[in-house]
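Asks: Dumping the structure here so I can ask a few things about it.
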Amino acid sequence: MSVIVVPEISARPEPTTRRRRLPVFSLGIIAAFVLVALLAPWVSPADPYEQSLRLRFRPPVWEERGSWAHPLGTDRLGRDLLSRIVWGSRVSLAVGALAVLLASTVGAAVGLMAGYYGGRVDATLMRVTDATLSFPVILLALILAVTVGPSFTNVVIAIAVILWARYARVIRGQVLTLMTLDFIAQARIAGAGAWRIITRHLLPNTLNTLVVLITLQVGYVIIVEASLSFLGAGIPPPTPAWGSMIAEGRDFVTSAWWVSFLPGLAILLVVLAFNLLGDWLRDTLDPKLRQL
Amino acid sequence: MPVVIDVRELRTHIVTRWGTIKAVDGVSFALAEGETLGLVGESGSGKSMTCLSIVRLVPRPAARIVGGEVRLDGEDLLAKSDAEMQQIRGRKVAMILQDPMSSLNPVFSVGMQMREPLAMYHGLRGSAGTARAAELLAAVRIPSPAARLRAFPHQLSGGMRQRVVGAMAIAGPPRLLIADEPTTSLDLTIQAQYLGLLKELQERHRFAMIFVTHNLGIVARMCDRVAVMYAGRIVEMGPVRRIFTAPAHPYTRALLDSIPRFGARRERLTAIAGQPPDLATLGPGCAFAPRCPAAIERCAQAPGETEIASGHTTRCWLHVHA
């Protein structure tokens with residue numbers, strides 16, 4: 001006599017791979033900095049502008065002579081470093097977000113138009129893009145910031161003027177591929193005009209790329225802003241900006257390393273977090289990998 | 001029955017570096033309500049270009065419609081403004097393309113894509129649009145249409161997607177449906193179902209249909225009349241039965257001889273000798289002459305159209321009896 005073994009049938013097969021884990025590290029850091037920036041008036045322990053020559057170059061709390069009165073020490077004018085880093089996060093994140101938004105809007109619009117209309121429109125727009133891309137970033141930003149004068153708005157505009165070209169390039173490439181697909185032809189046959197095809201069919205299909213690019217570029221913009229501030233063409237003092245804080249401390253690195261190092265560390269953390277998030281988004285949003 | 005579409009002497013040229021290609025070179029045909037014309041011919045014979053010319057969507061700037069008339073219910077589409085033409089596309093003339101894998105926008109659900117033309121054509125929005133979209137899906141025999149509206153294109157099979165495209169095509173409902181090889185990439189059983197569905201929709205909505213295909217078997221099944229295209233011209237046109245039983249043009253005969261037939265075991269399949277002509281360097285004569293087994297001296301001049309039986313015309317000197 002034989003026993004028939006009936007294989008167990010589960011209602012639904014277990015997924016073969018686990019869901020991609022959220023990038024807790026980078027999201028955590030970004031969330032922390034965003035919160036700190038938003039809540040700066042409440043979380044900063046002291047007034048970032050208050051000077052006290054008696055309290056110059058106080059080291060952080062863990063060093064000898066450090067005290068809890070200034071957990072991360074003070075700078076050359078005796079200003080509380082932690083408070084300045086906290087307030088500085090506002091500048092960095094705001095410039096990063098605004099410049100990238102501006103650049104991506106302009107860049108995506110240019111890329112969409114160039115890819116959709118093709119021909120002379122494409123040739124003209126892409127030559128402008130190439131010209132922009134061939135310019136050294138810092139130099140161009142420096143020229144712009146210096147000629148129009150350093151201010152928050154001008155820094156944002158200067159950075160956006162340089163960065164839009166990358167978006168234009170990438171989006172145009174994507175649009176060219178999309179244009180060969182039948183659903184664009186089908187939309188046209190269904191009576192859709194240029195505006196509808198661009199906004200309803202092309203743009204939504206490039207959003208993934210756009211989001212990844214935006215995330216990766218926030219980090220880059222923060223660095224550019226810091227570089228401009230370091231070079232004195234960024235946010236004018238005494239507004240605390242991480243780049244200018246590094247610049248202010250650079251003559252004292254041997255005696256008071258924390259004045260330059262700590263704002264640098266803040267830049268490193270934020271940029272790293274945005275880059276990791278960007279990498280994760282790129283892998284996750286790729287439709288071929290999404291269902292894995 | 002009223003004539004829906006009347007194409008007269010349509011000419012579309014493509015300008016290339018190597019010269020001007022006459023992609024559509026004086027094509028004329030007319031279709032009545034509920035009638036189906038099969039457009040057959042080799043790749044590059046101008047079938048698709050003819051269809052794109054009708055809806056005025058030839059790839060610009062290289063291609064240009066240079067002459068002729070396209071009358072839809074008596075109105076010349078070639079004389080319309082771009083804005084007027086946009087109103088006609090989709091509403092009056094619909095088209096189903098070949099590739100179901102890319103004919104839907106991958107980032108929107110089926111429901112969202114279907115509501116868009118409904119809002120555009122009929123001002124149906126919100127729940128009215130959703131209800132109508134579900135009705136259309138039901139009309140193309142998609143099971144549980146309400147649930148399918150929430151599906152994304154990648155969750156549907158090729159046959160299913162092509163049905164969705166069909167559902168959107170009849171949203172107008174159109175007066176003329178152009179189907180450009182709609183079943184080429186579907187497997188055979190699905191193909192048969194889809195063709196049956198198109199016939200059914202045609203009976204319900206009485207639209208005229210232009211059916212572009214390589215597959216003569218499908219022509220036999222779907223079409224009332226056939227137009228055989230070669231090098232931008234219709235070389236033979238007539239009722240399906242006539243074309244299959246009494247082909248007049250040597251090219252049509254060669255085309256029919258190259259289909260395998262069940263049962264005819266001994267016969268070898270005959271391929272058409274030579275290559276399709278280079279349209280850029282075409283002379284004035286009959287374009288098929290270099291490959292034609294029956295070519296004669298007169299073929300150096302272009303033959304006119306001869307009516308050899310009622311509704312059966314051909315362009316070949318063999319049928320011109322002076």
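By convention in this document, the chains of the structure tokens carry letters A, B, ... by their order, each chain's residues are numbered from 1, and ligands are numbered from 1 in the order they are shown.
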Should the cut-off be 9 Å, what would the residue list for chain A against chain B look like, counting only C-alpha atoms, as JSON, numbers by chain?
Replies: {"A": [119, 181, 182, 183, 184, 185, 186, 187, 188, 189, 190, 191, 192, 193, 201, 204, 205]}
Asks: Print the selection's residues with C-alpha atoms to a file, as a PDB file, in the first residue's frame.
Replies:
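What follows is the written file result_10.pdb:
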```
ATOM      1  CA  GLY A 119      14.905  69.692 -34.144  1.00  0.00           C
ATOM      2  CA  LEU A 181       7.045  54.364 -27.165  1.00  0.00           C
ATOM      3  CA  ASP A 182       3.561  53.733 -28.483  1.00  0.00           C
ATOM      4  CA  PHE A 183       1.699  55.338 -25.623  1.00  0.00           C
ATOM      5  CA  ILE A 184       2.927  58.754 -26.693  1.00  0.00           C
ATOM      6  CA  ALA A 185       1.757  58.081 -30.259  1.00  0.00           C
ATOM      7  CA  GLN A 186      -1.472  56.707 -28.842  1.00  0.00           C
ATOM      8  CA  ALA A 187      -1.995  59.849 -26.769  1.00  0.00           C
ATOM      9  CA  ARG A 188      -1.456  62.010 -29.831  1.00  0.00           C
ATOM     10  CA  ILE A 189      -3.874  59.916 -31.825  1.00  0.00           C
ATOM     11  CA  ALA A 190      -6.374  60.318 -29.008  1.00  0.00           C
ATOM     12  CA  GLY A 191      -6.204  64.064 -29.585  1.00  0.00           C
ATOM     13  CA  ALA A 192      -3.792  65.143 -26.853  1.00  0.00           C
ATOM     14  CA  GLY A 193      -1.840  68.337 -27.526  1.00  0.00           C
ATOM     15  CA  HIS A 201       2.721  61.519 -20.124  1.00  0.00           C
ATOM     16  CA  PRO A 204       5.237  61.618 -14.726  1.00  0.00           C
ATOM     17  CA  ASN A 205       7.467  59.078 -16.433  1.00  0.00           C
TER      18      ASN A 205
END
```
Asks: Find the spatial neighbours of region 176-179 of chain B, counting only C-alpha atoms, within a cut-off of 10 Å - ignore same-chain residues fewer than 2 positions away - and output them as a compact mmCIF listing (two decimals) with N, CA and C atoms, in the first residue's frame.
Replies:
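Saved file out-v6.txt follows:
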```txt
# COMPACT_ATOMS: atom_id res chain seq x y z
N VAL B 4 -17.93 56.96 -45.28
CA VAL B 4 -17.36 57.58 -44.09
C VAL B 4 -16.05 58.27 -44.44
N ILE B 5 -15.18 57.51 -45.08
CA ILE B 5 -13.86 58.07 -45.36
C ILE B 5 -13.58 57.93 -46.86
N LEU B 31 -14.40 54.22 -48.02
CA LEU B 31 -14.98 53.19 -47.16
C LEU B 31 -16.34 53.63 -46.65
N ALA B 32 -17.30 52.71 -46.67
CA ALA B 32 -18.63 53.03 -46.16
C ALA B 32 -18.72 52.62 -44.70
N GLU B 33 -19.79 53.04 -44.05
CA GLU B 33 -20.06 52.66 -42.67
C GLU B 33 -20.01 51.14 -42.50
N GLY B 34 -19.34 50.69 -41.47
CA GLY B 34 -19.33 49.26 -41.18
C GLY B 34 -18.47 48.44 -42.12
N GLU B 35 -17.76 49.10 -43.03
CA GLU B 35 -16.95 48.37 -43.99
C GLU B 35 -15.50 48.30 -43.50
N THR B 36 -14.80 47.22 -43.87
CA THR B 36 -13.40 47.07 -43.47
C THR B 36 -12.52 46.90 -44.69
N LEU B 37 -11.47 47.72 -44.72
CA LEU B 37 -10.49 47.61 -45.80
C LEU B 37 -9.20 47.03 -45.23
N GLY B 38 -8.72 45.97 -45.85
CA GLY B 38 -7.43 45.43 -45.44
C GLY B 38 -6.34 46.10 -46.24
N LEU B 39 -5.30 46.60 -45.54
CA LEU B 39 -4.19 47.25 -46.23
C LEU B 39 -2.99 46.32 -46.08
N SER B 48 1.58 52.11 -43.19
CA SER B 48 1.49 52.90 -41.96
C SER B 48 1.51 54.39 -42.27
N CYS B 51 -1.85 55.56 -43.13
CA CYS B 51 -2.71 55.72 -41.94
C CYS B 51 -2.35 56.99 -41.18
N LEU B 52 -1.04 57.22 -41.00
CA LEU B 52 -0.62 58.41 -40.26
C LEU B 52 -1.00 59.68 -41.02
N ILE B 54 -3.68 60.06 -42.76
CA ILE B 54 -5.11 60.29 -42.56
C ILE B 54 -5.36 61.10 -41.29
N VAL B 55 -4.62 60.78 -40.21
CA VAL B 55 -4.79 61.54 -38.97
C VAL B 55 -3.82 62.71 -38.88
N LEU B 72 -13.56 62.99 -44.40
CA LEU B 72 -14.23 62.21 -43.37
C LEU B 72 -15.64 62.77 -43.26
N ASP B 73 -16.63 61.97 -43.57
CA ASP B 73 -18.02 62.42 -43.64
C ASP B 73 -18.13 63.70 -44.45
N GLY B 90 -9.16 60.82 -32.09
CA GLY B 90 -9.70 60.19 -30.90
C GLY B 90 -11.22 60.20 -30.90
N ARG B 91 -11.81 61.37 -31.19
CA ARG B 91 -13.28 61.42 -31.19
C ARG B 91 -13.84 60.79 -32.45
N LYS B 92 -13.32 61.22 -33.61
CA LYS B 92 -13.88 60.76 -34.88
C LYS B 92 -13.04 59.65 -35.49
N VAL B 93 -11.73 59.78 -35.36
CA VAL B 93 -10.83 58.77 -35.91
C VAL B 93 -10.00 58.21 -34.77
N ALA B 94 -10.08 56.92 -34.55
CA ALA B 94 -9.27 56.30 -33.50
C ALA B 94 -8.29 55.35 -34.15
N MET B 95 -7.25 55.02 -33.39
CA MET B 95 -6.21 54.17 -33.96
C MET B 95 -5.72 53.22 -32.87
N ILE B 96 -5.48 51.99 -33.28
CA ILE B 96 -4.88 51.01 -32.37
C ILE B 96 -3.53 50.63 -32.94
N LEU B 97 -2.50 50.75 -32.14
CA LEU B 97 -1.16 50.48 -32.65
C LEU B 97 -0.71 49.06 -32.31
N GLN B 98 0.48 48.76 -32.79
CA GLN B 98 0.95 47.39 -32.77
C GLN B 98 1.37 46.84 -31.42
N GLY B 166 -8.21 49.09 -27.03
CA GLY B 166 -9.44 49.00 -27.82
C GLY B 166 -10.58 49.75 -27.14
N ALA B 169 -10.19 53.30 -27.64
CA ALA B 169 -10.41 53.67 -29.03
C ALA B 169 -11.90 53.85 -29.33
N ILE B 170 -12.76 53.08 -28.66
CA ILE B 170 -14.19 53.22 -28.96
C ILE B 170 -14.88 54.23 -28.06
N PRO B 173 -17.74 57.53 -29.71
CA PRO B 173 -17.20 56.43 -30.50
C PRO B 173 -16.77 56.92 -31.88
N PRO B 174 -15.75 56.32 -32.46
CA PRO B 174 -15.18 56.86 -33.70
C PRO B 174 -16.03 56.53 -34.92
N GLU B 181 -1.73 46.70 -37.46
CA GLU B 181 -1.23 45.42 -36.99
C GLU B 181 -1.50 45.21 -35.50
N PRO B 182 -2.76 45.27 -35.10
CA PRO B 182 -3.04 45.25 -33.66
C PRO B 182 -2.78 43.90 -33.01
N THR B 183 -2.68 42.85 -33.80
CA THR B 183 -2.56 41.53 -33.17
C THR B 183 -1.21 40.87 -33.43
N LEU B 198 -13.03 42.96 -32.25
CA LEU B 198 -13.05 44.14 -33.12
C LEU B 198 -14.27 44.09 -34.04
N GLN B 202 -17.33 46.69 -34.16
CA GLN B 202 -17.66 47.36 -35.42
C GLN B 202 -19.15 47.22 -35.72
N ARG B 206 -20.79 50.61 -35.91
CA ARG B 206 -20.86 50.86 -37.35
C ARG B 206 -19.71 51.72 -37.87
N PHE B 207 -18.53 51.68 -37.23
CA PHE B 207 -17.44 52.49 -37.78
C PHE B 207 -16.81 51.79 -38.99
N ALA B 208 -16.23 52.60 -39.84
CA ALA B 208 -15.43 52.03 -40.93
C ALA B 208 -14.08 51.65 -40.35
N MET B 209 -13.44 50.64 -40.91
CA MET B 209 -12.17 50.20 -40.32
C MET B 209 -11.12 49.99 -41.40
N ILE B 210 -9.92 50.49 -41.11
CA ILE B 210 -8.78 50.20 -41.97
C ILE B 210 -7.89 49.26 -41.19
N PHE B 211 -7.64 48.10 -41.75
CA PHE B 211 -6.91 47.08 -41.02
C PHE B 211 -5.58 46.83 -41.72
N VAL B 212 -4.49 47.28 -41.06
CA VAL B 212 -3.17 47.11 -41.66
C VAL B 212 -2.57 45.81 -41.17
N THR B 213 -2.09 44.99 -42.07
CA THR B 213 -1.50 43.73 -41.62
C THR B 213 -0.60 43.11 -42.68
```
Asks: Considering only C-alpha atoms, return as an MDAnalysis selection string whatever protein or nucleic-acid residues lie within 8 Å of Ala300 (chain B), sequence-local ones (same chain, fewer than 2 positions apart) excluded.
Replies: chainID B and resid 284:286 289 297:298 302
Asks: Go ahead and dump the residues you just picked, N, CA and C atoms, as a PDB file, in the first residue's frame.
Replies:
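File again.pdb, as written:
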```
ATOM      1  N   PRO B 284      10.428  56.171 -63.120  1.00  0.00           N
ATOM      2  CA  PRO B 284       9.044  56.536 -63.410  1.00  0.00           C
ATOM      3  C   PRO B 284       8.129  55.328 -63.662  1.00  0.00           C
ATOM      4  N   GLY B 285       8.698  54.189 -63.999  1.00  0.00           N
ATOM      5  CA  GLY B 285       7.881  53.042 -64.393  1.00  0.00           C
ATOM      6  C   GLY B 285       7.238  52.317 -63.238  1.00  0.00           C
ATOM      7  N   CYS B 286       6.707  51.105 -63.518  1.00  0.00           N
ATOM      8  CA  CYS B 286       6.110  50.273 -62.490  1.00  0.00           C
ATOM      9  C   CYS B 286       7.195  49.832 -61.517  1.00  0.00           C
ATOM     10  N   ALA B 289       8.279  46.097 -61.534  1.00  0.00           N
ATOM     11  CA  ALA B 289       8.826  45.507 -62.762  1.00  0.00           C
ATOM     12  C   ALA B 289      10.151  44.747 -62.580  1.00  0.00           C
ATOM     13  N   GLU B 297       8.104  45.354 -71.923  1.00  0.00           N
ATOM     14  CA  GLU B 297       8.737  46.630 -72.223  1.00  0.00           C
ATOM     15  C   GLU B 297       7.956  47.825 -71.688  1.00  0.00           C
ATOM     16  N   ARG B 298       6.651  47.736 -71.808  1.00  0.00           N
ATOM     17  CA  ARG B 298       5.813  48.867 -71.415  1.00  0.00           C
ATOM     18  C   ARG B 298       5.920  49.213 -69.929  1.00  0.00           C
ATOM     19  N   ALA B 302       4.727  54.119 -66.053  1.00  0.00           N
ATOM     20  CA  ALA B 302       3.814  53.747 -64.976  1.00  0.00           C
ATOM     21  C   ALA B 302       2.450  53.377 -65.550  1.00  0.00           C
TER      22      ALA B 302
END
```
Asks: Excluding Arg79 (chain A) and its own-chain neighbours fewer than 6 positions away, which residues fall within 10 Å of it when counting only C-alpha atoms? Please give them as a PyMOL selection string.
Replies: chain A and resi 46-53+55-58+70+73
Asks: Taking into account only C-alpha atoms, which residue in the set A:Ala32, A:Ile159, A:Val170, A:Pro240 is nearest to Leu139 (chain A)?
Replies: A:Ile159
